[in-house]
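**Q** Quick one: the structure is below, questions incoming.
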Amino acid sequence: MRGAQTFNTLTMVFLGFTVVIAAAYAIIFVAGPIGGPLTPEIVVVTPTPIGTLTVTRPPTWTPTVPPSPTSTRPTPTHTPTRTPRPTRTPLPTDTPTPSVTPTPTEDVCKTLELLGPPPGQKFFQYDVPVLVWTFGRPLQPNEHFDLLLDPPGAGEGSIAWADEAEPKNKNCSPFCEYQVGLNGVYSGGRFLWTVAVIRAGADRRVLGTVCSAPEPYFFLWP
């Protein structure tokens, strides 16, 4: 009985301590710690204001409206009346009189002459007749001396262009000559001959006559 009382007393004491401790924790929780080195310091931070950002906008563009064109009508200009100028009468023109009368140019074809052999000359069988003539100027590049021979009973025909056979015959101012071989080619008799100036192309085709042949000479062979 005595032991039970003692146990109850201890229980009451323990409960009392428990209640006191619980009350102390409650006070600390509600009111916070009082003093002491562990008392937290409450720091109040006041934010420093930053300078106000000013946004500058570009000035508003105002379009320039061009002035309305003013229609200006040109002042009509009167065209001056042209007065016709009097017609100029030409002065009489003097006809100049030549002081020297020009001499007419000589016909060069008149200078084409046969010189020999003399008409009627007789040759022997092995002779070679030499035909001689003259002309007043050198031949042009496309001109030729055309030798014409009329053998007995054959009729007149060209036997050679003398300047092609002998280039020296391009200029017959003093004289030109051409040898005619008859032996073994013709039969004997009376031979007429003459020469003309002709014009020919590069293909040796006769284009025309520059100077007609003079009256033929003749010789006898053999």
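Scheme for the structure tokens: letters A, B, ... for chains in order shown; per-chain residue numbers from 1; ligand numbers from 1 in order shown.
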Applying 7 Å and only C-alpha atoms, which residues near stretch 188-198 of chain A remain after dropping the ones on its own chain fewer than 2 positions away? List them as an mmCIF file with C-alpha atoms, in the first residue's frame.
**A**
```cif
data_model
loop_
_atom_site.group_PDB
_atom_site.id
_atom_site.type_symbol
_atom_site.label_atom_id
_atom_site.label_comp_id
_atom_site.auth_asym_id
_atom_site.auth_seq_id
_atom_site.Cartn_x
_atom_site.Cartn_y
_atom_site.Cartn_z
ATOM 1 C CA GLU A 143 47.219 43.974 -176.970
ATOM 2 C CA HIS A 144 49.046 41.851 -179.561
ATOM 3 C CA PHE A 145 50.519 42.085 -183.090
ATOM 4 C CA ASP A 146 48.558 39.541 -185.131
ATOM 5 C CA LEU A 147 50.570 38.419 -188.222
ATOM 6 C CA LEU A 148 48.337 37.561 -191.186
ATOM 7 C CA LEU A 149 49.630 35.413 -194.048
ATOM 8 C CA ASP A 150 47.827 34.537 -197.300
ATOM 9 C CA PRO A 151 49.673 31.580 -198.901
ATOM 10 C CA PRO A 152 48.857 30.568 -202.502
ATOM 11 C CA TYR A 186 53.810 25.657 -197.867
ATOM 12 C CA ALA A 200 42.587 39.623 -176.228
ATOM 13 C CA GLY A 208 38.368 43.058 -180.703
ATOM 14 C CA THR A 209 40.596 44.903 -183.151
ATOM 15 C CA VAL A 210 42.540 47.959 -182.000
ATOM 16 C CA CYS A 211 44.058 48.827 -185.396
ATOM 17 C CA SER A 212 43.061 47.217 -188.654
ATOM 18 C CA ALA A 213 45.768 45.701 -190.849
ATOM 19 C CA PRO A 214 47.120 47.979 -193.615
ATOM 20 C CA GLU A 215 47.128 46.893 -197.268
ATOM 21 C CA PRO A 216 49.227 43.729 -197.513
ATOM 22 C CA TYR A 217 52.694 43.397 -199.046
ATOM 23 C CA PHE A 218 53.669 40.300 -201.045
ATOM 24 C CA PHE A 219 56.792 38.267 -201.785
ATOM 25 C CA LEU A 220 57.585 35.260 -204.016
ATOM 26 C CA TRP A 221 58.830 31.938 -202.722
ATOM 27 C CA PRO A 222 60.737 29.995 -204.021
#
```
**Q** Pick from A:Gln140, A:Ser158, A:Asn8, A:Asn169: nearest to A:Arg199, with only C-alpha atoms counted?
**A**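 Distance minimum relative to A:Arg199 lands on A:Gln140.
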**Q** Here is a test: counting only C-alpha atoms, which residue of A:Asn142, A:Ile21, A:Glu177, A:Ala154 is nearest to A:Gly116?
**A**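 The answer is A:Glu177, which sits nearest to A:Gly116.
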